[in-house]
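Q: Take a look at this one; I'll ask things after.
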Amino acid sequence: MSATTAHAGAAPAAKDGRFEPVILAFTCNWCSYRAADLAGTARMKYPPNVRLVRLMCSGRVDPAFVMRAFADADAVILTGCWPADCHYRIQNVKALRRFILLRRVLESMGIEPQRFQRFYASAAEGQQLAAEFDRIVEEVRALGPLDWAGRHAAFVPSATPPGAGVGEARAAAEARAAAPPPAERELAEVTA
Amino acid sequence: MSASNLPAQPDGARERIGVYVCHCGSNIAATVDVEAVRDWSAEHLGDRGVVVARDYKFMCASTGQELIEQDIKELGLTRVVVAACSPHMHEKTFRGACRRAGLNPYLCELVSIREQDSWVHTDRTAATAKAEAIVAGGVYRVAHSEALEPFRVPIDPATLVVGGGIAGISAALEIADAGFPVHLVEREPSIGGHMAQFDKTFPTLDCAACILTPRMVTAGMHQNITLHTWSEVTDVAGYVGNFTVTIKHRARYVDTALCTGCGICQEKCPSKVVDTRYEAGLGYRKGVYTPFPQAVPKYPVIDVENCIYFEKGTCGACKKLCPTGAIDFDQKDEEVTVKVGNIIIATGFELFDARRVEQYGYGRMPNVFTSLEFERMSNAAGPTAGRIVLRDGVTEPKAVGIVHCVGSRDRNYNNYCSAICCMQSLKFAHLVREHTDATVYEFYIDIRAPGKAFDEFYQRVMEEGSVFVRGRVAAISDTVRLPDEEAHQGRLIVSVEDTLAGVQRRIPVDMVILSSGLEPATDAQEVARRFGITCSADGWVIERHPKLDPVATMTEGVFAAGCALGPRDIPASVANGAAAAARVLARIQEGELALEPIRATVDQERCSGCRICNDLCPYSAIVYHGWEQVSEVNPALCQGCGVCIAACPAGAISGSGFSDVQILSQIDGLLTALGGAPPGPAVEEREAVPA
Ligand SMILES: Cc1cc2nc3c(=O)[nH]c(=O)nc-3n(C[C@H](O)[C@H](O)[C@H](O)COP(=O)(O)OP(=O)(O)OC[C@H]3O[C@@H](n4cnc5c(N)ncnc54)[C@H](O)[C@@H]3O)c2cc1C
Ligand code: SF4
Ligand code: SF4
């Protein structure tokens, strides 16, 4: 057996000491995975930091998949069809709902929203998909490694006195109600 | 081809997995170190059951497939991972190889290191590492794959064709001639589509009506074709093999059982309106009308917006004079429901609205015409009886300018080439020269004449003496500007940069014809949604594969033909119609269709009866058994999206082909060895924990 690369999944070769995040992207079989196919066929380029999982529908994404991914990845992306273009009629809206909820949970665990993003890509939008991957990789690169284990240690309920943080949580909730983040606005529009 | 040394099968691994890494010529190998991926797989994935890892120039070639078949037989492989192109490209190919060797095809996993890796990355080291991760994902996943059998659905032998242009008519006739029922739905009062408006067709100049009318008549009389004209599809339910389609028949106010098509009503109707549809605004029709004399069916419709009876309650001339008493003002819209196994979308195109290019002055300057107006004008049965005249209806033009690419190949409107306008413009030049003594200018960017006998036709039109000016027209104006233009007062001036001569020209003409591009029907996106298919950003229906599956859509049982797929000429539209019909006929004859067995099932032992899943399914596939207090998925209705699986708080629903354990394992594989962390506890154990 010849000597080969040591690890699969090892972070993409760091150049000039740059941090190379590992990012997992969930794609749906009908739109975003096909957009990725198209990006390939058209030889568009995006950073190798992103690895794809193909599911039939973005609505198949179980929060458990995302949590599992965060154990090793620096960011997770959810992609799917545009609202009303879902191959399964409206299941991507259900994915959007779940996304919003999950992002709140993750935020409360200290995971920056840039690490859990979503976007739409129709089967024709290879270019947009590549551009979004570019953008997200840069944003996550700027944040640095996730260090889930380290953060997880900090997120031990007993380490925080009971009641501490309630005020902040309420303030955050109020701020959110005043100016809903884009995904929630979008959901309101989609389901209007 | 070479194989890595075979490590001994580790005791723990349950499966014997073969890994095949494809070079795809240099498509993969140029960016991914294929041999390294092979060796890495053999070395690091042995404990996951990999017993052989090979690379090969072209895995999809028969010799590549034989490699897999041979290994299955000789090494007793129980699982196969091929790292090559996208599963949308060759999943069937490799699953087929497995089946031939006696391995259940669903135990084969194709992971893409081409579209998802070598083609989108440039850094060889990073791309190779990513390929290894992708292979690991496939290996981890396949270990948990289950043998599946395709899900078989019966195919209803009836077919729905939407759109009665030449594409839809062709498809309908092919299927009907083969002996199976067709429902042909057309929203206009008659079938025929755009072709019915033309006089001559390029490049042969045969008469459009002469070739179209017989087909329309055959379709109208065919015992296997039910025409639903003046109708639209309002709802589609069900799935391939078994669609239930609701068709709305708009009220015609004419009893078709009594009408003989004599035409007296149209003759006597006092309401005269500009016909913007069939006559393209150049001629008139009545309030009660058939769009053209050869219309199929022959029954007229009453246009309530322009009917004096419906406006004021008076008149009723048609009702009084109809010899068979067929006029029925009380008719109502009706809905019918039909069952079909397959659907063909042939909704065609609409002409780009030339008003949008303001500098060309259409709508502002009377002697600027659109291509469809010119089609009607040159038609012997049209509003000018075939005479080519200015808007005043009498003056013959001395010079005619034909402007190509209006709204096409233009970033301001549509980037694409509308494919037919060059040939249609050349046809116009010929027709103008045939009917008048006018000088004809063709203002073109380049002439696109790639079809059979197209370039010969171009040569012919050049030899006939038309003047070709290469350059995009900047503007058309009706005011003279330069001193030597005085003589041209009242004419149109075409400003254009002649890019061959390198000069600006201002060419006086009497008539301008704008060769407008083709655009999807305005409601294309809406129609697409109704049928569960997707359109490109431009609005054309997306093919399942642009080259290898050009008339299928991504939705099983829904096909497309003609200009609904994008601009194309009549021969291509007819060929599309026949191709879609052939696809449908193959299925009808087969009697059933094998579908991917990607389905959800509820483990009733674990179901808590919470009913959360019940409302999540858009196909109402989940039924609740009140007595037992458990839910159940009807596999005939389930489409396998997996939303219910992810939502079930009891973890009671599993999805074949995309089970939790498969997906979690794939994530493990994709991220494995990251920072040296072991993949963690076996997924089977974790899965037992409710999500
Ligand atoms: C000015 C001009 C000249 C041309 N000349 C030539 C020529 O000389 N030779 C040549 O080969 N090609 C020519 N073409 C191209 C030709 O018109 C097309 O190739 C052909 O008409 C395509 O047929 P189709 O059936 O796909 O679409 P269409 O002819 O557009 O027919 C579509 C039909 O579907 C109906 N429809 C649309 N939406 C719905 C809906 N939702 N429900 C029900 N029905 C619906 C429409 O009413 C229409 O009847 C020309 C095109 C133009 C614009
Ligand atoms: S969500 Fe799960 S537990 Fe609830 S009814 Fe459906 S299958 Fe049963
Ligand atoms: S997988 Fe999707 S289609 Fe199938 S039962 Fe569940 S929700 Fe319905």
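Naming works like this for the structure tokens: A, B, ... for the chains as they're shown, residue 1 at the start of each chain, ligands 1 onward in shown order.
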Mind listing the residues within 10 Å of ligand 2, only C-alpha atoms and all ligand atoms counted, as a PDB file with N, CA and C atoms, in the first residue's frame?
A:
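Resulting contents of result.pdb:
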```
ATOM      1  N   ALA B 600     -41.842   6.433   3.072  1.00  0.00           N
ATOM      2  CA  ALA B 600     -41.829   6.455   4.530  1.00  0.00           C
ATOM      3  C   ALA B 600     -42.700   5.319   5.063  1.00  0.00           C
ATOM      4  N   THR B 601     -42.313   4.754   6.195  1.00  0.00           N
ATOM      5  CA  THR B 601     -43.177   3.766   6.854  1.00  0.00           C
ATOM      6  C   THR B 601     -43.195   4.033   8.359  1.00  0.00           C
ATOM      7  N   VAL B 602     -44.343   3.825   8.941  1.00  0.00           N
ATOM      8  CA  VAL B 602     -44.476   4.045  10.377  1.00  0.00           C
ATOM      9  C   VAL B 602     -44.322   2.707  11.093  1.00  0.00           C
ATOM     10  N   ASP B 603     -43.446   2.705  12.064  1.00  0.00           N
ATOM     11  CA  ASP B 603     -43.334   1.533  12.923  1.00  0.00           C
ATOM     12  C   ASP B 603     -44.413   1.691  13.998  1.00  0.00           C
ATOM     13  N   GLN B 604     -45.465   0.909  13.838  1.00  0.00           N
ATOM     14  CA  GLN B 604     -46.627   1.142  14.697  1.00  0.00           C
ATOM     15  C   GLN B 604     -46.357   0.806  16.158  1.00  0.00           C
ATOM     16  N   GLU B 605     -45.341   0.005  16.377  1.00  0.00           N
ATOM     17  CA  GLU B 605     -44.954  -0.288  17.758  1.00  0.00           C
ATOM     18  C   GLU B 605     -44.474   0.984  18.460  1.00  0.00           C
ATOM     19  N   ARG B 606     -43.826   1.855  17.668  1.00  0.00           N
ATOM     20  CA  ARG B 606     -43.224   3.037  18.276  1.00  0.00           C
ATOM     21  C   ARG B 606     -44.112   4.276  18.167  1.00  0.00           C
ATOM     22  N   CYS B 607     -45.076   4.243  17.298  1.00  0.00           N
ATOM     23  CA  CYS B 607     -45.932   5.419  17.096  1.00  0.00           C
ATOM     24  C   CYS B 607     -46.731   5.705  18.369  1.00  0.00           C
ATOM     25  N   SER B 608     -46.673   6.959  18.829  1.00  0.00           N
ATOM     26  CA  SER B 608     -47.391   7.318  20.043  1.00  0.00           C
ATOM     27  C   SER B 608     -48.787   7.836  19.720  1.00  0.00           C
ATOM     28  N   GLY B 609     -49.090   7.936  18.453  1.00  0.00           N
ATOM     29  CA  GLY B 609     -50.419   8.404  18.071  1.00  0.00           C
ATOM     30  C   GLY B 609     -50.588   9.905  18.202  1.00  0.00           C
ATOM     31  N   CYS B 610     -49.485  10.642  18.220  1.00  0.00           N
ATOM     32  CA  CYS B 610     -49.586  12.093  18.423  1.00  0.00           C
ATOM     33  C   CYS B 610     -50.193  12.807  17.218  1.00  0.00           C
ATOM     34  N   ARG B 611     -50.103  12.225  16.055  1.00  0.00           N
ATOM     35  CA  ARG B 611     -50.686  12.752  14.812  1.00  0.00           C
ATOM     36  C   ARG B 611     -49.960  13.979  14.254  1.00  0.00           C
ATOM     37  N   ILE B 612     -48.777  14.241  14.788  1.00  0.00           N
ATOM     38  CA  ILE B 612     -48.017  15.389  14.262  1.00  0.00           C
ATOM     39  C   ILE B 612     -47.756  15.212  12.763  1.00  0.00           C
ATOM     40  N   CYS B 613     -47.470  13.993  12.380  1.00  0.00           N
ATOM     41  CA  CYS B 613     -47.121  13.754  10.973  1.00  0.00           C
ATOM     42  C   CYS B 613     -48.330  13.933  10.049  1.00  0.00           C
ATOM     43  N   ASN B 614     -49.511  13.682  10.559  1.00  0.00           N
ATOM     44  CA  ASN B 614     -50.697  13.604   9.693  1.00  0.00           C
ATOM     45  C   ASN B 614     -50.863  14.810   8.777  1.00  0.00           C
ATOM     46  N   ASP B 615     -50.710  15.991   9.358  1.00  0.00           N
ATOM     47  CA  ASP B 615     -50.974  17.192   8.581  1.00  0.00           C
ATOM     48  C   ASP B 615     -49.762  17.669   7.793  1.00  0.00           C
ATOM     49  N   LEU B 616     -48.634  17.051   8.034  1.00  0.00           N
ATOM     50  CA  LEU B 616     -47.426  17.517   7.346  1.00  0.00           C
ATOM     51  C   LEU B 616     -47.348  17.015   5.920  1.00  0.00           C
ATOM     52  N   ILE B 622     -50.730  10.011   4.885  1.00  0.00           N
ATOM     53  CA  ILE B 622     -50.691   9.409   6.217  1.00  0.00           C
ATOM     54  C   ILE B 622     -52.109   9.331   6.781  1.00  0.00           C
ATOM     55  N   VAL B 623     -52.500   8.127   7.098  1.00  0.00           N
ATOM     56  CA  VAL B 623     -53.831   7.954   7.674  1.00  0.00           C
ATOM     57  C   VAL B 623     -53.682   7.579   9.145  1.00  0.00           C
ATOM     58  N   TYR B 624     -54.677   7.971   9.910  1.00  0.00           N
ATOM     59  CA  TYR B 624     -54.648   7.706  11.333  1.00  0.00           C
ATOM     60  C   TYR B 624     -55.719   6.673  11.661  1.00  0.00           C
ATOM     61  N   HIS B 625     -55.300   5.616  12.305  1.00  0.00           N
ATOM     62  CA  HIS B 625     -56.268   4.584  12.686  1.00  0.00           C
ATOM     63  C   HIS B 625     -56.741   4.880  14.100  1.00  0.00           C
ATOM     64  N   GLN B 629     -55.082   3.887  17.401  1.00  0.00           N
ATOM     65  CA  GLN B 629     -54.349   5.100  17.748  1.00  0.00           C
ATOM     66  C   GLN B 629     -52.917   5.103  17.204  1.00  0.00           C
ATOM     67  N   VAL B 630     -52.811   4.727  15.963  1.00  0.00           N
ATOM     68  CA  VAL B 630     -51.497   4.808  15.314  1.00  0.00           C
ATOM     69  C   VAL B 630     -51.684   5.348  13.889  1.00  0.00           C
ATOM     70  N   SER B 631     -50.598   5.887  13.375  1.00  0.00           N
ATOM     71  CA  SER B 631     -50.626   6.400  12.009  1.00  0.00           C
ATOM     72  C   SER B 631     -50.013   5.381  11.068  1.00  0.00           C
ATOM     73  N   GLU B 632     -50.416   5.510   9.786  1.00  0.00           N
ATOM     74  CA  GLU B 632     -49.855   4.606   8.787  1.00  0.00           C
ATOM     75  C   GLU B 632     -49.668   5.372   7.479  1.00  0.00           C
ATOM     76  N   VAL B 633     -48.579   5.060   6.758  1.00  0.00           N
ATOM     77  CA  VAL B 633     -48.330   5.726   5.483  1.00  0.00           C
ATOM     78  C   VAL B 633     -48.839   4.843   4.345  1.00  0.00           C
ATOM     79  N   CYS B 644     -42.099  13.953   7.217  1.00  0.00           N
ATOM     80  CA  CYS B 644     -42.716  13.322   8.384  1.00  0.00           C
ATOM     81  C   CYS B 644     -41.676  12.573   9.216  1.00  0.00           C
ATOM     82  N   ILE B 645     -40.692  12.005   8.516  1.00  0.00           N
ATOM     83  CA  ILE B 645     -39.661  11.235   9.225  1.00  0.00           C
ATOM     84  C   ILE B 645     -38.915  12.153  10.177  1.00  0.00           C
ATOM     85  N   ALA B 646     -38.567  13.340   9.638  1.00  0.00           N
ATOM     86  CA  ALA B 646     -37.804  14.282  10.447  1.00  0.00           C
ATOM     87  C   ALA B 646     -38.647  14.861  11.570  1.00  0.00           C
ATOM     88  N   ALA B 647     -39.969  14.829  11.405  1.00  0.00           N
ATOM     89  CA  ALA B 647     -40.827  15.491  12.386  1.00  0.00           C
ATOM     90  C   ALA B 647     -41.305  14.578  13.502  1.00  0.00           C
ATOM     91  N   CYS B 648     -41.327  13.292  13.261  1.00  0.00           N
ATOM     92  CA  CYS B 648     -41.932  12.389  14.242  1.00  0.00           C
ATOM     93  C   CYS B 648     -41.154  12.412  15.558  1.00  0.00           C
ATOM     94  N   PRO B 649     -41.797  12.869  16.645  1.00  0.00           N
ATOM     95  CA  PRO B 649     -41.072  12.968  17.918  1.00  0.00           C
ATOM     96  C   PRO B 649     -40.759  11.596  18.512  1.00  0.00           C
ATOM     97  N   ALA B 650     -41.477  10.591  18.052  1.00  0.00           N
ATOM     98  CA  ALA B 650     -41.226   9.255  18.604  1.00  0.00           C
ATOM     99  C   ALA B 650     -40.184   8.502  17.788  1.00  0.00           C
ATOM    100  N   GLY B 651     -39.701   9.114  16.724  1.00  0.00           N
ATOM    101  CA  GLY B 651     -38.743   8.419  15.859  1.00  0.00           C
ATOM    102  C   GLY B 651     -39.358   7.165  15.268  1.00  0.00           C
ATOM    103  N   ALA B 652     -40.676   7.217  15.063  1.00  0.00           N
ATOM    104  CA  ALA B 652     -41.378   6.002  14.638  1.00  0.00           C
ATOM    105  C   ALA B 652     -41.392   5.820  13.127  1.00  0.00           C
ATOM    106  N   ILE B 653     -41.047   6.881  12.387  1.00  0.00           N
ATOM    107  CA  ILE B 653     -41.140   6.779  10.935  1.00  0.00           C
ATOM    108  C   ILE B 653     -39.747   6.583  10.363  1.00  0.00           C
ATOM    109  N   SER B 654     -39.629   5.659   9.443  1.00  0.00           N
ATOM    110  CA  SER B 654     -38.330   5.484   8.805  1.00  0.00           C
ATOM    111  C   SER B 654     -38.517   5.625   7.307  1.00  0.00           C
TER     112      SER B 654
END
```
Q: Pull the strand (DSSP E or B) assignments for region 423-520 of chain B out of DSSP run on the backbone, and list those residues as a PyMOL selection string.
A: chain B and resi 439-444+467-470+473-477+492-498+503-509+511-516+518-520
Q: Using DSSP on the backbone coordinates, identify all residues within region 225-288 of chain B classified as alpha helix (DSSP H); present the result as JSON, numbers by chain.
A: {"B": [264, 265, 266, 267, 268]}
Q: Please write the residues from the selection above to a file, keeping N, CA and C atoms, as a compact mmCIF listing (two decimals), in the first residue's frame.
A:
```
# COMPACT_ATOMS: atom_id res chain seq x y z
N ILE B 264 -73.61 31.66 -39.47
CA ILE B 264 -74.57 32.77 -39.61
C ILE B 264 -74.45 33.73 -38.43
N CYS B 265 -74.24 33.22 -37.23
CA CYS B 265 -74.15 34.07 -36.05
C CYS B 265 -73.01 35.08 -36.21
N GLN B 266 -71.88 34.61 -36.69
CA GLN B 266 -70.73 35.49 -36.84
C GLN B 266 -70.99 36.55 -37.89
N GLU B 267 -71.69 36.11 -38.92
CA GLU B 267 -72.00 37.04 -40.00
C GLU B 267 -72.90 38.15 -39.50
N LYS B 268 -73.90 37.80 -38.69
CA LYS B 268 -74.92 38.76 -38.28
C LYS B 268 -74.57 39.55 -37.03
```
Q: Using only C-alpha atoms and all ligand atoms, which of the listed residues (B:Gly313, B:Gly238, B:Gly471, B:Gly287) sits closest to ligand 3?
A: B:Gly238
Q: Considering only C-alpha atoms, return as a PDB file with N, CA and C atoms, in the first residue's frame whatever protein or nucleic-acid residues lie within 9 Å of Thr260 (chain B), sequence-local ones (same chain, fewer than 6 positions apart) excluded.
A:
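Generated file (selection_2.pdb):
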```pdb
ATOM      1  N   LYS B 298     -65.403  23.441 -34.910  1.00  0.00           N
ATOM      2  CA  LYS B 298     -65.981  24.515 -35.732  1.00  0.00           C
ATOM      3  C   LYS B 298     -66.907  25.429 -34.942  1.00  0.00           C
ATOM      4  N   TYR B 299     -67.243  25.042 -33.701  1.00  0.00           N
ATOM      5  CA  TYR B 299     -68.203  25.808 -32.912  1.00  0.00           C
ATOM      6  C   TYR B 299     -67.634  27.145 -32.458  1.00  0.00           C
ATOM      7  N   THR B 324     -80.412  26.524 -35.875  1.00  0.00           N
ATOM      8  CA  THR B 324     -80.645  25.316 -35.061  1.00  0.00           C
ATOM      9  C   THR B 324     -80.937  25.670 -33.607  1.00  0.00           C
ATOM     10  N   ALA B 326     -78.932  27.076 -31.437  1.00  0.00           N
ATOM     11  CA  ALA B 326     -77.811  26.584 -30.623  1.00  0.00           C
ATOM     12  C   ALA B 326     -77.301  27.612 -29.624  1.00  0.00           C
TER      13      ALA B 326
END
```
Q: Could you list, as a short mmCIF file (atom, residue, chain, number, x, y, z; two decimals) with C-alpha atoms, in the first residue's frame, every residue within 6 Å of region 82-96 of chain A, counting only C-alpha atoms and ignoring same-chain residues fewer than 4 positions away?
A:
```
data_model
loop_
_atom_site.label_atom_id
_atom_site.label_comp_id
_atom_site.auth_asym_id
_atom_site.auth_seq_id
_atom_site.Cartn_x
_atom_site.Cartn_y
_atom_site.Cartn_z
CA SER A 58 -34.83 20.04 2.45
CA GLY A 59 -37.73 19.07 4.69
CA TYR A 120 -32.64 28.75 -2.05
#
```
Q: For ligand 3, which residue out of B:Leu671, B:Tyr239, B:His488, B:Asn367 is the nearest one, using only C-alpha atoms and all ligand atoms?
A: B:Tyr239
Q: Might you pull out every residue within 9 Å of Val139 (chain B), with only C-alpha atoms counted and same-chain residues fewer than 2 positions away left off, and present them as a VMD selection string?
A: chain B and resid 17 to 19 45 48 to 50 79 to 81 109 134 to 137 141 to 143 665 to 666 669
Q: Those same residues, written as a tab-separated table (two decimals), in the first residue's frame with N, CA, C and O atoms?
A:
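Saved to out.tsv:
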```tsv
chain	number	residue	atom	x	y	z
B	17	ILE	N	-17.33	-4.41	1.18
B	17	ILE	CA	-17.60	-3.26	0.31
B	17	ILE	C	-16.50	-3.08	-0.72
B	17	ILE	O	-15.31	-3.17	-0.40
B	18	GLY	N	-16.88	-2.83	-1.95
B	18	GLY	CA	-15.93	-2.49	-3.00
B	18	GLY	C	-16.02	-1.01	-3.32
B	18	GLY	O	-17.11	-0.45	-3.40
B	19	VAL	N	-14.85	-0.36	-3.47
B	19	VAL	CA	-14.82	1.07	-3.81
B	19	VAL	C	-14.20	1.23	-5.19
B	19	VAL	O	-13.14	0.66	-5.46
B	45	LEU	N	-10.54	2.75	5.19
B	45	LEU	CA	-11.94	2.38	5.31
B	45	LEU	C	-12.11	0.88	5.46
B	45	LEU	O	-13.21	0.35	5.38
B	48	ARG	N	-14.36	-0.29	7.99
B	48	ARG	CA	-15.78	-0.08	7.64
B	48	ARG	C	-16.25	-1.13	6.64
B	48	ARG	O	-17.36	-1.05	6.13
B	49	GLY	N	-15.35	-2.03	6.31
B	49	GLY	CA	-15.77	-3.13	5.45
B	49	GLY	C	-15.24	-3.09	4.03
B	49	GLY	O	-15.56	-3.97	3.23
B	50	VAL	N	-14.41	-2.09	3.72
B	50	VAL	CA	-13.90	-2.03	2.35
B	50	VAL	C	-12.88	-3.15	2.15
B	50	VAL	O	-11.89	-3.24	2.87
B	79	ARG	N	-21.69	-4.78	-0.88
B	79	ARG	CA	-22.01	-3.37	-1.08
B	79	ARG	C	-21.00	-2.79	-2.08
B	79	ARG	O	-19.86	-3.25	-2.14
B	80	VAL	N	-21.44	-1.76	-2.83
B	80	VAL	CA	-20.56	-1.14	-3.82
B	80	VAL	C	-20.65	0.38	-3.70
B	80	VAL	O	-21.74	0.93	-3.57
B	81	VAL	N	-19.49	1.03	-3.71
B	81	VAL	CA	-19.47	2.50	-3.77
B	81	VAL	C	-18.68	2.90	-5.02
B	81	VAL	O	-17.55	2.47	-5.21
B	109	GLU	N	-23.94	2.63	-4.12
B	109	GLU	CA	-24.00	4.07	-3.85
B	109	GLU	C	-23.06	4.78	-4.82
B	109	GLU	O	-21.88	4.44	-4.91
B	134	ILE	N	-15.71	12.36	0.60
B	134	ILE	CA	-16.94	11.98	-0.10
B	134	ILE	C	-17.04	10.45	-0.19
B	134	ILE	O	-18.10	9.87	0.04
B	135	VAL	N	-15.91	9.80	-0.49
B	135	VAL	CA	-15.92	8.34	-0.56
B	135	VAL	C	-16.25	7.77	0.83
B	135	VAL	O	-17.07	6.85	0.96
B	136	ALA	N	-15.65	8.35	1.86
B	136	ALA	CA	-15.93	7.86	3.21
B	136	ALA	C	-17.43	7.99	3.51
B	136	ALA	O	-18.04	7.06	4.05
B	137	GLY	N	-18.01	9.13	3.12
B	137	GLY	CA	-19.44	9.33	3.32
B	137	GLY	C	-20.23	8.22	2.65
B	137	GLY	O	-21.16	7.65	3.23
B	141	ARG	N	-22.33	5.25	4.55
B	141	ARG	CA	-23.77	5.23	4.26
B	141	ARG	C	-24.20	3.87	3.74
B	141	ARG	O	-25.18	3.29	4.20
B	142	VAL	N	-23.42	3.34	2.78
B	142	VAL	CA	-23.86	2.13	2.08
B	142	VAL	C	-23.90	0.93	3.02
B	142	VAL	O	-24.66	0.00	2.82
B	143	ALA	N	-23.08	1.00	4.06
B	143	ALA	CA	-23.07	-0.10	5.01
B	143	ALA	C	-24.45	-0.29	5.64
B	143	ALA	O	-24.81	-1.37	6.09
B	665	SER	N	-24.78	8.33	9.12
B	665	SER	CA	-23.52	7.65	8.82
B	665	SER	C	-22.77	8.40	7.73
B	665	SER	O	-21.55	8.52	7.78
B	666	GLN	N	-23.53	8.88	6.74
B	666	GLN	CA	-22.86	9.62	5.67
B	666	GLN	C	-22.19	10.88	6.23
B	666	GLN	O	-21.07	11.21	5.86
B	669	GLY	N	-19.11	9.95	7.86
B	669	GLY	CA	-18.06	9.68	6.88
B	669	GLY	C	-17.48	10.96	6.31
B	669	GLY	O	-16.26	11.12	6.21
```
Q: What's the 12 Å shell around Glu125 (chain A), counting only C-alpha atoms, without same-chain residues fewer than 2 positions away, as a short mmCIF file (atom, residue, chain, number, x, y, z; two decimals) with C-alpha atoms, in the first residue's frame?
A:
```
data_model
loop_
_atom_site.label_atom_id
_atom_site.label_comp_id
_atom_site.auth_asym_id
_atom_site.auth_seq_id
_atom_site.Cartn_x
_atom_site.Cartn_y
_atom_site.Cartn_z
CA TRP A 30 -34.55 18.37 -7.20
CA CYS A 31 -33.27 21.91 -6.95
CA SER A 32 -30.15 22.67 -4.99
CA TYR A 33 -28.29 19.42 -5.70
CA ARG A 34 -29.05 19.95 -9.36
CA ALA A 35 -27.81 23.52 -9.03
CA ALA A 36 -24.59 21.99 -7.68
CA ASP A 37 -24.54 19.61 -10.64
CA LEU A 38 -24.96 22.59 -12.92
CA ALA A 39 -22.21 24.53 -11.18
CA GLY A 40 -19.99 21.51 -11.94
CA ALA A 42 -20.49 24.71 -16.19
CA MET A 44 -18.00 27.32 -11.96
CA THR A 79 -30.41 24.62 0.78
CA GLY A 80 -33.55 23.82 -1.13
CA CYS A 81 -36.05 24.85 -3.75
CA TRP A 82 -37.61 28.28 -3.81
CA PHE A 119 -30.57 29.77 0.92
CA TYR A 120 -32.64 28.75 -2.05
CA ALA A 121 -31.23 27.55 -5.34
CA SER A 122 -33.34 26.37 -8.23
CA ALA A 123 -31.97 23.73 -10.58
CA GLN A 127 -24.03 30.39 -10.31
CA GLN A 128 -26.01 31.64 -7.34
CA LEU A 129 -25.21 28.48 -5.40
CA ALA A 130 -21.48 28.89 -6.03
CA ALA A 131 -21.68 32.57 -5.03
CA GLU A 132 -23.52 31.73 -1.80
CA CYS B 535 -38.99 26.41 -15.19
CA SER B 536 -35.67 28.11 -15.75
CA ALA B 537 -35.32 31.73 -14.70
CA ASP B 538 -36.40 32.63 -18.22
#
```
Q: Which residues come within 7 Å of Asp74 (chain A), counting only C-alpha atoms, excluding same-chain residues fewer than 3 positions away, as a PyMOL selection string?
A: chain A and resi 21-23+70+115+145-146
